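Asks: Sending over a structure as structure tokens; questions will come in a sec.
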Amino acid sequence: MGCQQTEMAATFPTLMDARALDDADPFPHRRHLFALPEDIIYLDGNSLGPLPAQTVARLEMTVNEEWGRSLIRSWNDHDWIGAPARVGNKIATLIGAQPGEVIVADSTSVNLYKILSALVRSQPTRSEIVTEKGNFPTDHHIAETIADMLGKRLVSVDAQDIPSAIGTQTAAAILCHVHYRTGARHDLGALTSSARQSGAPIIWDLSHSVGAVPLNLNADGAEYAVGCGYKYLNGGPGAPAFLYVARDLLPHLSSPISGWMGHTNPFAFEHSYRPASGIERFLAGTPPIISLMGLESGIDLMLQVDQDALFEKAQRLFSFFADLMAARCPEFRLISPAMPESRGSQIAFAHAQAAAIMSALISDGVVGDHRAPDVLRFGLTPLYLRFQDIWYAVDRLAAIMAAGTWQLPEHARIRRVT
Ligand SMILES: *Cc1c(COP(=O)(O)O)cnc(C)c1O
């Protein structure tokens, strides 16, 4: 079906070439640190990171020792109570923020809700909330509801119109740093400083950039951010998310979910709410300790690697993938930006039969995902991906296209999660 077979003149890298690249790699893969099945090529770490081997022991300890034996004493004895701030501080290191500027809590959606409503309420004279069209849906849904609740106008614009849409009427903008479909990345520093000229705050959603591209929130002047724990941070399914507020701005914001964990002294059991002075004011209820320990373990692993070197390797994996696809599967259209500084750590292609093709690919042990209507998406995660994995992935895709196996009825089934 248009894809070139391996038997043809090898104008593209061979498996031996791929293995040679792996052997000589200045950023060798750390596949052994993950519990990845041997027979799977995992290209979906941008959606659910795999299980780090050390997390198994960490969770066993949390469950058997801390919960099982120490029981409620673990809140003090194993510092469960300090975990949201402790893990937040580790994320701060990763994203170029200071201790006390990041807290782990809730999901990304809930954190967006908390920050956005706090910001909009703190600037009653500004009438608009700005978002990007085609953003990750939850970001747009939350913005819609808050605009409706607080009587603001929601302004959704295309990426190139964002700078002109942000102005003196903007109460807040919600922007995804890296786009979940294409991998296109905004210039966080440039957009932040141009927005700040009109006093407009941006909430950066870092879900597709934390643990994937280098981040320097303080240096870039970023004021507010949220991000996801179960994608590139390998925190586990449904791992809690995080929230960042630049230190000086915190006193002006109050969480709309004034739960007891955000109180300045939860165990004083005071009748009236008094927010914590620090970032803890954005906690609401009791933290999910087991998930939090899984997240901490994933972050501990991520903190061992230099984020610049990690992203540099992701760029090389991207080029290798793009070149192989252009040579072997030219009917797939690359929709990720060509320039490394304009993209995150994934590669995406458009094809009218994307859903069935991805289903066939997953059956063959190459796990990426499909985003409706026509996108095939592959996460590039240098911690555990090798050049040879990319080579096999494209080779299997070429074979599927040549044999037409994607047309089998089983691949026409629409699954609940894609
Ligand atoms: C994955 C993702 C989320 C996830 O939100 P949850 O509340 O954790 O389900 C939010 N925003 C973006 C941009 C994402 O990529």
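Naming works like this for the structure tokens: A, B, ... for the chains as they're shown, residue 1 at the start of each chain, ligands 1 onward in shown order.
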Return as a count of residues only the full set of residues in segment 79-251 of chain A whose backbone-based DSSP assignment is helix (DSSP H, G or I).
Replies: 64
Asks: Give me every strand (DSSP E or B) residue in segment 122-365 of chain A, going by DSSP on the backbone, as a compact mmCIF listing (two decimals) with all heavy atoms, in the first residue's frame.
Replies:
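Below is the file result.txt, written as the result:
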```txt
# COMPACT_ATOMS: atom_id res chain seq x y z
N GLU A 128 -11.94 38.99 30.29
CA GLU A 128 -11.77 37.88 29.35
C GLU A 128 -10.84 36.78 29.86
O GLU A 128 -9.88 37.04 30.59
CB GLU A 128 -11.19 38.41 28.02
CG GLU A 128 -12.15 39.32 27.30
CD GLU A 128 -11.54 39.92 26.02
OE1 GLU A 128 -10.33 39.73 25.77
OE2 GLU A 128 -12.29 40.59 25.30
N ILE A 129 -11.14 35.56 29.40
CA ILE A 129 -10.23 34.42 29.59
C ILE A 129 -9.82 33.98 28.19
O ILE A 129 -10.67 33.79 27.33
CB ILE A 129 -10.93 33.26 30.34
CG1 ILE A 129 -11.38 33.71 31.72
CG2 ILE A 129 -10.01 32.05 30.42
CD1 ILE A 129 -12.26 32.69 32.45
N VAL A 130 -8.53 33.83 27.97
CA VAL A 130 -8.02 33.48 26.63
C VAL A 130 -7.56 32.02 26.63
O VAL A 130 -6.86 31.59 27.55
CB VAL A 130 -6.86 34.41 26.23
CG1 VAL A 130 -6.23 33.97 24.91
CG2 VAL A 130 -7.33 35.87 26.14
N THR A 131 -7.96 31.28 25.59
CA THR A 131 -7.41 29.93 25.39
C THR A 131 -7.09 29.74 23.91
O THR A 131 -7.52 30.53 23.07
CB THR A 131 -8.39 28.79 25.78
OG1 THR A 131 -9.46 28.78 24.83
CG2 THR A 131 -8.94 28.95 27.16
N GLU A 132 -6.36 28.66 23.65
CA GLU A 132 -6.03 28.33 22.26
C GLU A 132 -7.06 27.34 21.72
O GLU A 132 -7.39 26.35 22.38
CB GLU A 132 -4.63 27.71 22.20
CG GLU A 132 -4.21 27.33 20.80
CD GLU A 132 -2.81 26.68 20.75
OE1 GLU A 132 -2.04 26.81 21.71
OE2 GLU A 132 -2.52 26.04 19.72
N ARG A 153 -15.88 36.59 29.41
CA ARG A 153 -15.98 36.17 28.02
C ARG A 153 -14.82 35.23 27.71
O ARG A 153 -13.67 35.53 28.05
CB ARG A 153 -15.90 37.40 27.11
CG ARG A 153 -16.42 37.18 25.70
CD ARG A 153 -16.68 38.54 25.05
NE ARG A 153 -15.43 39.18 24.65
CZ ARG A 153 -14.83 38.98 23.48
NH1 ARG A 153 -15.36 38.17 22.58
NH2 ARG A 153 -13.71 39.60 23.18
N LEU A 154 -15.13 34.09 27.08
CA LEU A 154 -14.07 33.15 26.72
C LEU A 154 -13.63 33.45 25.29
O LEU A 154 -14.44 33.46 24.37
CB LEU A 154 -14.57 31.71 26.83
CG LEU A 154 -13.52 30.63 26.54
CD1 LEU A 154 -12.36 30.71 27.51
CD2 LEU A 154 -14.16 29.24 26.62
N VAL A 155 -12.34 33.72 25.12
CA VAL A 155 -11.79 34.05 23.80
C VAL A 155 -10.88 32.90 23.38
O VAL A 155 -9.82 32.70 23.96
CB VAL A 155 -10.98 35.36 23.88
CG1 VAL A 155 -10.42 35.74 22.51
CG2 VAL A 155 -11.83 36.49 24.44
N SER A 156 -11.33 32.11 22.39
CA SER A 156 -10.51 30.98 21.90
C SER A 156 -9.94 31.36 20.55
O SER A 156 -10.69 31.65 19.62
CB SER A 156 -11.35 29.72 21.72
OG SER A 156 -11.95 29.36 22.93
N VAL A 157 -8.62 31.34 20.45
CA VAL A 157 -7.99 31.78 19.19
C VAL A 157 -6.98 30.76 18.70
O VAL A 157 -6.52 29.89 19.45
CB VAL A 157 -7.27 33.15 19.38
CG1 VAL A 157 -8.27 34.24 19.72
CG2 VAL A 157 -6.20 33.05 20.47
N THR A 170 -7.48 40.83 29.64
CA THR A 170 -7.29 39.41 29.95
C THR A 170 -7.13 39.19 31.46
O THR A 170 -6.17 39.66 32.07
CB THR A 170 -6.02 38.88 29.24
OG1 THR A 170 -6.10 39.21 27.85
CG2 THR A 170 -5.90 37.37 29.40
N ALA A 171 -8.09 38.47 32.03
CA ALA A 171 -7.98 38.10 33.45
C ALA A 171 -7.00 36.95 33.60
O ALA A 171 -6.28 36.86 34.59
CB ALA A 171 -9.34 37.73 34.01
N ALA A 172 -6.98 36.05 32.61
CA ALA A 172 -6.01 34.94 32.59
C ALA A 172 -6.06 34.28 31.23
O ALA A 172 -7.10 34.27 30.57
CB ALA A 172 -6.33 33.92 33.68
N ALA A 173 -4.92 33.72 30.83
CA ALA A 173 -4.86 32.87 29.64
C ALA A 173 -4.43 31.49 30.09
O ALA A 173 -3.58 31.37 30.97
CB ALA A 173 -3.88 33.43 28.62
N ILE A 174 -5.04 30.47 29.49
CA ILE A 174 -4.60 29.09 29.74
C ILE A 174 -3.95 28.60 28.46
O ILE A 174 -4.61 28.55 27.42
CB ILE A 174 -5.79 28.15 30.04
CG1 ILE A 174 -6.37 28.44 31.41
CG2 ILE A 174 -5.36 26.70 29.95
CD1 ILE A 174 -7.33 27.36 31.88
N LEU A 175 -2.68 28.27 28.53
CA LEU A 175 -2.00 27.78 27.33
C LEU A 175 -1.29 26.46 27.62
O LEU A 175 -0.64 26.32 28.66
CB LEU A 175 -0.97 28.81 26.85
CG LEU A 175 -1.54 30.17 26.42
CD1 LEU A 175 -0.40 31.11 26.03
CD2 LEU A 175 -2.52 30.02 25.26
N CYS A 176 -1.41 25.52 26.70
CA CYS A 176 -0.64 24.28 26.82
C CYS A 176 0.72 24.53 26.20
O CYS A 176 0.82 24.94 25.04
CB CYS A 176 -1.35 23.14 26.09
SG CYS A 176 -2.94 22.75 26.82
N VAL A 178 3.13 22.43 25.33
CA VAL A 178 3.30 21.55 24.16
C VAL A 178 1.93 21.00 23.79
O VAL A 178 1.19 20.54 24.66
CB VAL A 178 4.29 20.40 24.48
CG1 VAL A 178 4.28 19.35 23.37
CG2 VAL A 178 5.70 20.95 24.69
N ALA A 184 3.53 20.59 18.93
CA ALA A 184 4.02 21.97 18.74
C ALA A 184 4.20 22.64 20.10
O ALA A 184 3.36 22.51 20.98
CB ALA A 184 3.03 22.77 17.89
N ARG A 185 5.31 23.35 20.24
CA ARG A 185 5.65 23.97 21.52
C ARG A 185 5.65 25.49 21.39
O ARG A 185 6.26 26.05 20.49
CB ARG A 185 7.03 23.48 21.99
CG ARG A 185 7.58 24.26 23.18
CD ARG A 185 8.63 23.50 23.97
NE ARG A 185 9.69 22.91 23.18
CZ ARG A 185 10.99 23.18 23.35
NH1 ARG A 185 11.39 24.07 24.25
NH2 ARG A 185 11.90 22.58 22.62
N ILE A 202 -0.52 34.27 32.54
CA ILE A 202 -0.69 33.04 31.78
C ILE A 202 -0.55 31.87 32.72
O ILE A 202 0.38 31.82 33.54
CB ILE A 202 0.36 32.90 30.65
CG1 ILE A 202 0.21 34.04 29.63
CG2 ILE A 202 0.23 31.54 29.95
CD1 ILE A 202 1.23 33.98 28.49
N ILE A 203 -1.48 30.92 32.61
CA ILE A 203 -1.34 29.64 33.31
C ILE A 203 -0.80 28.66 32.28
O ILE A 203 -1.48 28.35 31.29
CB ILE A 203 -2.69 29.12 33.84
CG1 ILE A 203 -3.35 30.15 34.75
CG2 ILE A 203 -2.50 27.78 34.56
CD1 ILE A 203 -4.81 29.84 35.05
N TRP A 204 0.40 28.19 32.49
CA TRP A 204 1.00 27.23 31.56
C TRP A 204 0.64 25.81 31.97
O TRP A 204 0.89 25.42 33.10
CB TRP A 204 2.52 27.40 31.52
CG TRP A 204 2.93 28.63 30.79
CD1 TRP A 204 3.34 29.82 31.34
CD2 TRP A 204 2.92 28.82 29.37
NE1 TRP A 204 3.61 30.73 30.33
CE2 TRP A 204 3.36 30.14 29.12
CE3 TRP A 204 2.60 28.00 28.28
CZ2 TRP A 204 3.48 30.66 27.83
CZ3 TRP A 204 2.72 28.51 27.00
CH2 TRP A 204 3.15 29.82 26.79
N ASP A 205 0.07 25.06 31.05
CA ASP A 205 -0.17 23.64 31.28
C ASP A 205 1.04 22.87 30.74
O ASP A 205 1.27 22.84 29.52
CB ASP A 205 -1.47 23.20 30.58
CG ASP A 205 -1.83 21.75 30.91
OD1 ASP A 205 -0.93 20.97 31.26
OD2 ASP A 205 -3.03 21.42 30.79
N TYR A 224 2.41 31.18 36.68
CA TYR A 224 1.49 30.12 37.11
C TYR A 224 1.64 28.92 36.17
O TYR A 224 1.80 29.11 34.95
CB TYR A 224 0.03 30.59 37.06
CG TYR A 224 -0.17 31.93 37.73
CD1 TYR A 224 -0.16 33.12 36.98
CD2 TYR A 224 -0.32 32.01 39.11
CE1 TYR A 224 -0.30 34.35 37.61
CE2 TYR A 224 -0.47 33.24 39.74
CZ TYR A 224 -0.45 34.41 38.98
OH TYR A 224 -0.58 35.62 39.61
N ALA A 225 1.56 27.73 36.74
CA ALA A 225 1.61 26.53 35.89
C ALA A 225 0.96 25.36 36.59
O ALA A 225 0.82 25.34 37.82
CB ALA A 225 3.07 26.19 35.54
N VAL A 226 0.54 24.41 35.78
CA VAL A 226 0.07 23.13 36.28
C VAL A 226 0.73 22.04 35.43
O VAL A 226 1.26 22.34 34.35
CB VAL A 226 -1.47 22.98 36.18
CG1 VAL A 226 -2.19 24.02 37.02
CG2 VAL A 226 -1.92 23.06 34.72
N GLY A 227 0.68 20.81 35.87
CA GLY A 227 1.24 19.73 35.05
C GLY A 227 0.83 18.37 35.57
O GLY A 227 0.30 18.24 36.68
N ALA A 241 -1.35 15.45 40.20
CA ALA A 241 -0.75 16.48 39.35
C ALA A 241 -0.05 17.51 40.23
O ALA A 241 0.03 17.35 41.45
CB ALA A 241 -1.85 17.13 38.52
N PHE A 242 0.45 18.60 39.62
CA PHE A 242 1.09 19.64 40.42
C PHE A 242 0.64 21.02 39.98
O PHE A 242 0.03 21.18 38.92
CB PHE A 242 2.61 19.51 40.39
CG PHE A 242 3.24 19.77 39.04
CD1 PHE A 242 3.63 21.05 38.66
CD2 PHE A 242 3.46 18.73 38.15
CE1 PHE A 242 4.22 21.28 37.42
CE2 PHE A 242 4.05 18.95 36.92
CZ PHE A 242 4.42 20.23 36.54
N LEU A 243 0.98 21.96 40.83
CA LEU A 243 0.57 23.35 40.62
C LEU A 243 1.73 24.25 41.06
O LEU A 243 2.33 23.99 42.10
CB LEU A 243 -0.67 23.54 41.49
CG LEU A 243 -1.40 24.84 41.63
CD1 LEU A 243 -2.84 24.52 42.02
CD2 LEU A 243 -0.77 25.69 42.70
N TYR A 244 2.04 25.24 40.23
CA TYR A 244 3.14 26.16 40.52
C TYR A 244 2.62 27.59 40.56
O TYR A 244 1.85 28.00 39.68
CB TYR A 244 4.20 26.03 39.42
CG TYR A 244 5.10 27.25 39.20
CD1 TYR A 244 6.31 27.40 39.90
CD2 TYR A 244 4.75 28.25 38.28
CE1 TYR A 244 7.13 28.51 39.68
CE2 TYR A 244 5.58 29.36 38.06
CZ TYR A 244 6.76 29.48 38.76
OH TYR A 244 7.58 30.57 38.55
N VAL A 245 3.01 28.33 41.58
CA VAL A 245 2.73 29.77 41.62
C VAL A 245 4.03 30.46 42.03
O VAL A 245 4.65 30.08 43.04
CB VAL A 245 1.63 30.12 42.65
CG1 VAL A 245 1.40 31.63 42.72
CG2 VAL A 245 0.32 29.41 42.33
N HIS A 263 -5.80 24.75 55.00
CA HIS A 263 -5.89 25.62 56.17
C HIS A 263 -4.50 25.80 56.78
O HIS A 263 -3.65 24.91 56.67
CB HIS A 263 -6.84 24.99 57.20
CG HIS A 263 -7.23 25.89 58.31
ND1 HIS A 263 -6.44 26.09 59.42
CD2 HIS A 263 -8.34 26.66 58.49
CE1 HIS A 263 -7.04 26.95 60.24
NE2 HIS A 263 -8.20 27.31 59.70
N PRO A 275 -6.38 30.46 55.16
CA PRO A 275 -5.48 29.73 54.25
C PRO A 275 -4.05 29.68 54.78
O PRO A 275 -3.59 30.60 55.45
CB PRO A 275 -5.54 30.54 52.96
CG PRO A 275 -6.03 31.89 53.36
CD PRO A 275 -6.89 31.71 54.58
N ARG A 333 1.68 11.78 6.70
CA ARG A 333 2.13 13.17 6.68
C ARG A 333 2.59 13.59 8.08
O ARG A 333 1.82 13.51 9.05
CB ARG A 333 0.97 14.07 6.21
CG ARG A 333 1.33 15.54 6.07
CD ARG A 333 0.22 16.28 5.32
NE ARG A 333 -1.09 16.07 5.92
CZ ARG A 333 -1.59 16.79 6.93
NH1 ARG A 333 -0.89 17.79 7.43
NH2 ARG A 333 -2.78 16.52 7.42
N LEU A 334 3.84 14.00 8.18
CA LEU A 334 4.38 14.48 9.46
C LEU A 334 3.68 15.78 9.85
O LEU A 334 3.65 16.73 9.07
CB LEU A 334 5.89 14.72 9.31
CG LEU A 334 6.62 15.26 10.54
CD1 LEU A 334 6.65 14.24 11.67
CD2 LEU A 334 8.04 15.68 10.18
N ARG A 343 9.05 22.21 19.25
CA ARG A 343 8.26 21.02 19.54
C ARG A 343 8.65 20.38 20.88
O ARG A 343 9.66 20.73 21.49
CB ARG A 343 8.39 19.99 18.42
CG ARG A 343 9.77 19.46 18.23
CD ARG A 343 9.80 18.28 17.27
NE ARG A 343 11.08 17.64 17.36
CZ ARG A 343 12.06 17.76 16.45
NH1 ARG A 343 11.87 18.45 15.35
NH2 ARG A 343 13.21 17.17 16.65
N GLN A 346 7.48 14.24 21.13
CA GLN A 346 6.63 13.25 20.48
C GLN A 346 6.70 13.49 18.99
O GLN A 346 7.18 14.52 18.53
CB GLN A 346 5.18 13.39 20.95
CG GLN A 346 4.54 14.71 20.51
CD GLN A 346 3.07 14.78 20.86
OE1 GLN A 346 2.71 14.85 22.03
NE2 GLN A 346 2.22 14.80 19.87
N ILE A 347 6.22 12.50 18.23
CA ILE A 347 6.15 12.68 16.79
C ILE A 347 4.76 12.22 16.36
O ILE A 347 4.26 11.20 16.83
CB ILE A 347 7.29 11.93 16.07
CG1 ILE A 347 7.34 12.27 14.58
CG2 ILE A 347 7.21 10.42 16.28
CD1 ILE A 347 8.65 11.85 13.89
N ALA A 348 4.13 13.00 15.48
CA ALA A 348 2.76 12.70 15.08
C ALA A 348 2.63 12.75 13.57
O ALA A 348 3.27 13.58 12.91
CB ALA A 348 1.79 13.69 15.73
N PHE A 349 1.83 11.84 13.06
CA PHE A 349 1.58 11.75 11.63
C PHE A 349 0.08 11.73 11.38
O PHE A 349 -0.68 11.19 12.18
CB PHE A 349 2.19 10.46 11.05
CG PHE A 349 3.68 10.37 11.22
CD1 PHE A 349 4.22 9.77 12.35
CD2 PHE A 349 4.54 10.89 10.26
CE1 PHE A 349 5.60 9.68 12.52
CE2 PHE A 349 5.91 10.81 10.42
CZ PHE A 349 6.45 10.21 11.55
N ALA A 350 -0.32 12.27 10.24
CA ALA A 350 -1.73 12.21 9.86
C ALA A 350 -1.91 11.16 8.78
O ALA A 350 -1.06 11.01 7.89
CB ALA A 350 -2.20 13.58 9.36
```
Asks: Could you pull out the residues sitting within 10 Å of ligand 1, using only C-alpha atoms and all ligand atoms, and write them as a PyMOL selection string?
Replies: chain A and resi 46-48+106-113+135-140+174-181+204-209+226-231+237-242
Asks: So which residues touch Leu191 of chain A within 10 Å, counting only C-alpha atoms, skipping near sequence neighbours fewer than 2 positions away, as an MDAnalysis selection string?
Replies: chainID A and resid 162:163 166 175 186:189 193:196 202 220 222
Asks: When you look at Gly236 of chain A with a cut-off of 12 Å (counting only C-alpha atoms), what residues show up, excluding the ones that are within fewer than 3 positions of it in the same chain? I need them as a short mmCIF file (atom, residue, chain, number, x, y, z; two decimals) with all heavy atoms, in the first residue's frame.
Replies:
```cif
data_model
loop_
_atom_site.label_atom_id
_atom_site.label_comp_id
_atom_site.auth_asym_id
_atom_site.auth_seq_id
_atom_site.Cartn_x
_atom_site.Cartn_y
_atom_site.Cartn_z
N GLY A 45 4.63 6.70 26.20
CA GLY A 45 5.04 7.24 27.49
C GLY A 45 4.63 8.69 27.68
O GLY A 45 4.73 9.25 28.77
N SER A 47 1.57 9.45 27.32
CA SER A 47 0.18 9.34 27.73
C SER A 47 0.07 8.60 29.07
O SER A 47 -0.64 9.04 29.96
CB SER A 47 -0.60 8.58 26.65
OG SER A 47 -1.95 8.89 26.71
N LEU A 48 0.79 7.49 29.19
CA LEU A 48 0.97 6.81 30.48
C LEU A 48 2.39 6.29 30.54
O LEU A 48 2.75 5.36 29.83
CB LEU A 48 -0.02 5.64 30.63
CG LEU A 48 0.22 4.81 31.90
CD1 LEU A 48 -0.04 5.61 33.17
CD2 LEU A 48 -0.63 3.54 31.91
N GLY A 49 3.20 6.91 31.37
CA GLY A 49 4.58 6.46 31.54
C GLY A 49 4.60 5.03 32.07
O GLY A 49 3.70 4.62 32.79
N PRO A 50 5.64 4.23 31.72
CA PRO A 50 5.74 2.85 32.20
C PRO A 50 6.15 2.80 33.68
O PRO A 50 6.48 3.82 34.28
CB PRO A 50 6.81 2.25 31.30
CG PRO A 50 7.69 3.39 30.95
CD PRO A 50 6.79 4.60 30.88
N LEU A 51 6.14 1.59 34.21
CA LEU A 51 6.42 1.37 35.63
C LEU A 51 7.93 1.34 35.89
O LEU A 51 8.62 0.44 35.40
CB LEU A 51 5.79 0.03 36.03
CG LEU A 51 6.13 -0.56 37.41
CD1 LEU A 51 5.62 0.34 38.53
CD2 LEU A 51 5.51 -1.96 37.53
N PRO A 52 8.47 2.30 36.65
CA PRO A 52 9.89 2.20 37.02
C PRO A 52 10.07 1.03 37.99
O PRO A 52 9.25 0.83 38.89
CB PRO A 52 10.18 3.52 37.73
CG PRO A 52 9.07 4.45 37.33
CD PRO A 52 7.87 3.57 37.14
N ALA A 53 11.15 0.25 37.80
CA ALA A 53 11.36 -0.93 38.64
C ALA A 53 11.39 -0.54 40.12
O ALA A 53 10.82 -1.23 40.97
CB ALA A 53 12.66 -1.63 38.24
N THR A 55 9.81 1.62 41.65
CA THR A 55 8.49 1.98 42.18
C THR A 55 7.80 0.77 42.83
O THR A 55 7.04 0.92 43.78
CB THR A 55 7.62 2.57 41.05
OG1 THR A 55 8.29 3.74 40.56
CG2 THR A 55 6.24 2.94 41.53
N VAL A 56 8.10 -0.42 42.32
CA VAL A 56 7.47 -1.61 42.88
C VAL A 56 7.86 -1.74 44.36
O VAL A 56 7.00 -1.92 45.23
CB VAL A 56 7.90 -2.87 42.09
CG1 VAL A 56 7.29 -4.12 42.70
CG2 VAL A 56 7.51 -2.74 40.62
N LEU A 59 6.28 1.12 46.48
CA LEU A 59 4.86 0.95 46.78
C LEU A 59 4.64 -0.20 47.75
O LEU A 59 3.76 -0.13 48.62
CB LEU A 59 4.05 0.74 45.49
CG LEU A 59 3.96 1.97 44.59
CD1 LEU A 59 3.07 1.71 43.38
CD2 LEU A 59 3.45 3.20 45.34
N CYS A 228 1.11 17.39 34.76
CA CYS A 228 0.58 16.04 34.92
C CYS A 228 1.67 15.10 35.46
O CYS A 228 2.83 15.21 35.06
CB CYS A 228 0.13 15.59 33.53
SG CYS A 228 -0.60 13.99 33.49
N GLY A 229 1.30 14.17 36.33
CA GLY A 229 2.27 13.28 36.94
C GLY A 229 2.41 11.92 36.29
O GLY A 229 3.37 11.20 36.55
N TYR A 230 1.46 11.54 35.45
CA TYR A 230 1.47 10.14 34.96
C TYR A 230 1.97 10.02 33.53
O TYR A 230 1.97 8.93 32.98
CB TYR A 230 0.08 9.51 35.09
CG TYR A 230 -1.06 10.31 34.48
CD1 TYR A 230 -1.27 10.33 33.11
CD2 TYR A 230 -1.92 11.06 35.28
CE1 TYR A 230 -2.30 11.07 32.55
CE2 TYR A 230 -2.95 11.80 34.74
CZ TYR A 230 -3.15 11.80 33.37
OH TYR A 230 -4.16 12.54 32.82
N LYS A 231 2.40 11.12 32.91
CA LYS A 231 2.92 11.04 31.54
C LYS A 231 4.43 10.86 31.60
O LYS A 231 4.92 9.80 31.97
CB LYS A 231 2.48 12.28 30.76
CG LYS A 231 0.96 12.27 30.51
CD LYS A 231 0.42 13.53 29.92
CE LYS A 231 -1.08 13.39 29.68
NZ LYS A 231 -1.79 14.65 29.61
N TYR A 232 5.17 11.91 31.23
CA TYR A 232 6.64 11.77 31.17
C TYR A 232 7.28 11.59 32.54
O TYR A 232 8.45 11.23 32.62
CB TYR A 232 7.26 12.98 30.48
CG TYR A 232 6.93 13.11 29.00
CD1 TYR A 232 5.86 13.89 28.58
CD2 TYR A 232 7.69 12.46 28.04
CE1 TYR A 232 5.56 14.03 27.23
CE2 TYR A 232 7.40 12.59 26.69
CZ TYR A 232 6.34 13.38 26.29
OH TYR A 232 6.05 13.51 24.95
N LEU A 233 6.54 11.88 33.63
CA LEU A 233 7.14 11.71 34.96
C LEU A 233 7.01 10.28 35.48
O LEU A 233 7.54 9.96 36.55
CB LEU A 233 6.51 12.70 35.95
CG LEU A 233 6.82 14.18 35.69
CD1 LEU A 233 6.16 15.06 36.74
CD2 LEU A 233 8.32 14.44 35.66
N ALA A 239 -1.75 9.27 38.74
CA ALA A 239 -0.88 9.93 39.72
C ALA A 239 -1.32 11.38 39.89
O ALA A 239 -1.81 12.00 38.95
CB ALA A 239 0.58 9.89 39.25
N PRO A 240 -1.16 11.94 41.09
CA PRO A 240 -1.59 13.32 41.27
C PRO A 240 -0.78 14.29 40.40
O PRO A 240 0.31 13.96 39.94
CB PRO A 240 -1.36 13.59 42.76
CG PRO A 240 -0.45 12.53 43.24
CD PRO A 240 -0.63 11.35 42.33
N ALA A 241 -1.35 15.45 40.20
CA ALA A 241 -0.75 16.48 39.35
C ALA A 241 -0.05 17.51 40.23
O ALA A 241 0.03 17.35 41.45
CB ALA A 241 -1.85 17.13 38.52
N ILE A 290 -0.67 6.64 48.39
CA ILE A 290 -0.06 5.55 47.61
C ILE A 290 0.35 6.07 46.23
O ILE A 290 1.48 5.86 45.77
CB ILE A 290 -1.02 4.35 47.52
CG1 ILE A 290 -1.29 3.81 48.93
CG2 ILE A 290 -0.42 3.24 46.64
CD1 ILE A 290 -2.36 2.76 49.02
N SER A 291 -0.55 6.81 45.60
CA SER A 291 -0.22 7.39 44.28
C SER A 291 0.93 8.39 44.39
O SER A 291 1.77 8.49 43.50
CB SER A 291 -1.43 8.11 43.71
OG SER A 291 -2.42 7.20 43.38
N LEU A 292 0.93 9.13 45.47
CA LEU A 292 1.98 10.13 45.66
C LEU A 292 3.36 9.49 45.76
O LEU A 292 4.35 10.02 45.25
CB LEU A 292 1.67 10.91 46.94
CG LEU A 292 1.51 12.40 46.84
CD1 LEU A 292 0.88 12.95 48.10
CD2 LEU A 292 2.84 13.09 46.58
N MET A 293 3.42 8.34 46.41
CA MET A 293 4.72 7.65 46.54
C MET A 293 5.17 7.10 45.19
O MET A 293 6.36 7.08 44.88
CB MET A 293 4.63 6.53 47.58
CG MET A 293 4.34 7.02 48.99
SD MET A 293 5.43 8.37 49.51
CE MET A 293 4.42 9.15 50.74
N GLY A 294 4.21 6.65 44.39
CA GLY A 294 4.55 6.22 43.03
C GLY A 294 5.10 7.38 42.23
O GLY A 294 6.10 7.27 41.51
N LEU A 295 4.47 8.54 42.39
CA LEU A 295 4.93 9.74 41.68
C LEU A 295 6.33 10.14 42.15
O LEU A 295 7.21 10.45 41.33
CB LEU A 295 3.94 10.89 41.91
CG LEU A 295 4.34 12.24 41.32
CD1 LEU A 295 4.42 12.17 39.79
CD2 LEU A 295 3.36 13.33 41.74
N GLU A 296 6.53 10.13 43.45
CA GLU A 296 7.84 10.52 43.97
C GLU A 296 8.94 9.62 43.41
O GLU A 296 10.02 10.09 43.03
CB GLU A 296 7.85 10.47 45.50
CG GLU A 296 9.19 10.96 46.08
CD GLU A 296 9.14 11.19 47.59
OE1 GLU A 296 8.37 10.48 48.28
OE2 GLU A 296 9.86 12.09 48.06
N SER A 297 8.65 8.33 43.31
CA SER A 297 9.63 7.39 42.78
C SER A 297 9.95 7.70 41.31
O SER A 297 11.12 7.69 40.90
CB SER A 297 9.08 5.97 42.94
OG SER A 297 9.89 5.06 42.26
N GLY A 298 8.93 8.01 40.53
CA GLY A 298 9.16 8.37 39.13
C GLY A 298 9.98 9.64 39.00
O GLY A 298 10.87 9.76 38.15
N ILE A 299 9.70 10.60 39.87
CA ILE A 299 10.43 11.87 39.82
C ILE A 299 11.88 11.68 40.28
O ILE A 299 12.81 12.26 39.70
CB ILE A 299 9.70 12.94 40.67
CG1 ILE A 299 8.40 13.31 39.97
CG2 ILE A 299 10.56 14.17 40.87
CD1 ILE A 299 7.43 14.08 40.82
#
```
Asks: Show which residues sit within 8 Å of Leu310 of chain A, as a list in words. Count only C-alpha atoms, and ignore same-chain residues fewer than 2 positions away.
Replies: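 Answer for this query is Phe27, Ala212, Val213, Val305, Asp306, Gln307, Asp308, Glu312, Lys313, Ala314, Pro382 and Leu383 of chain A.
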Asks: With the cut-off set at 12 Å and counting only C-alpha atoms, tabulate each residue of segment 22-89 of chain A with an atom at most that distance from an atom of segment 278-284 of chain A, showing the nearest atom pair and its distance in Å to one decimal, ordered by chain and increasing number, as a tab-separated table.
Replies:
```
residue	atom	partner	partner_atom	distance
A:Ile81	CA	A:Glu280	CA	11.0
A:Gly82	CA	A:Glu280	CA	9.9
A:Ala83	CA	A:Glu280	CA	11.0
A:Pro84	CA	A:Glu280	CA	8.2
A:Ala85	CA	A:Glu280	CA	7.2
A:Arg86	CA	A:Glu280	CA	11.0
A:Gly88	CA	A:Ile279	CA	9.6
A:Asn89	CA	A:Ile279	CA	10.7
```
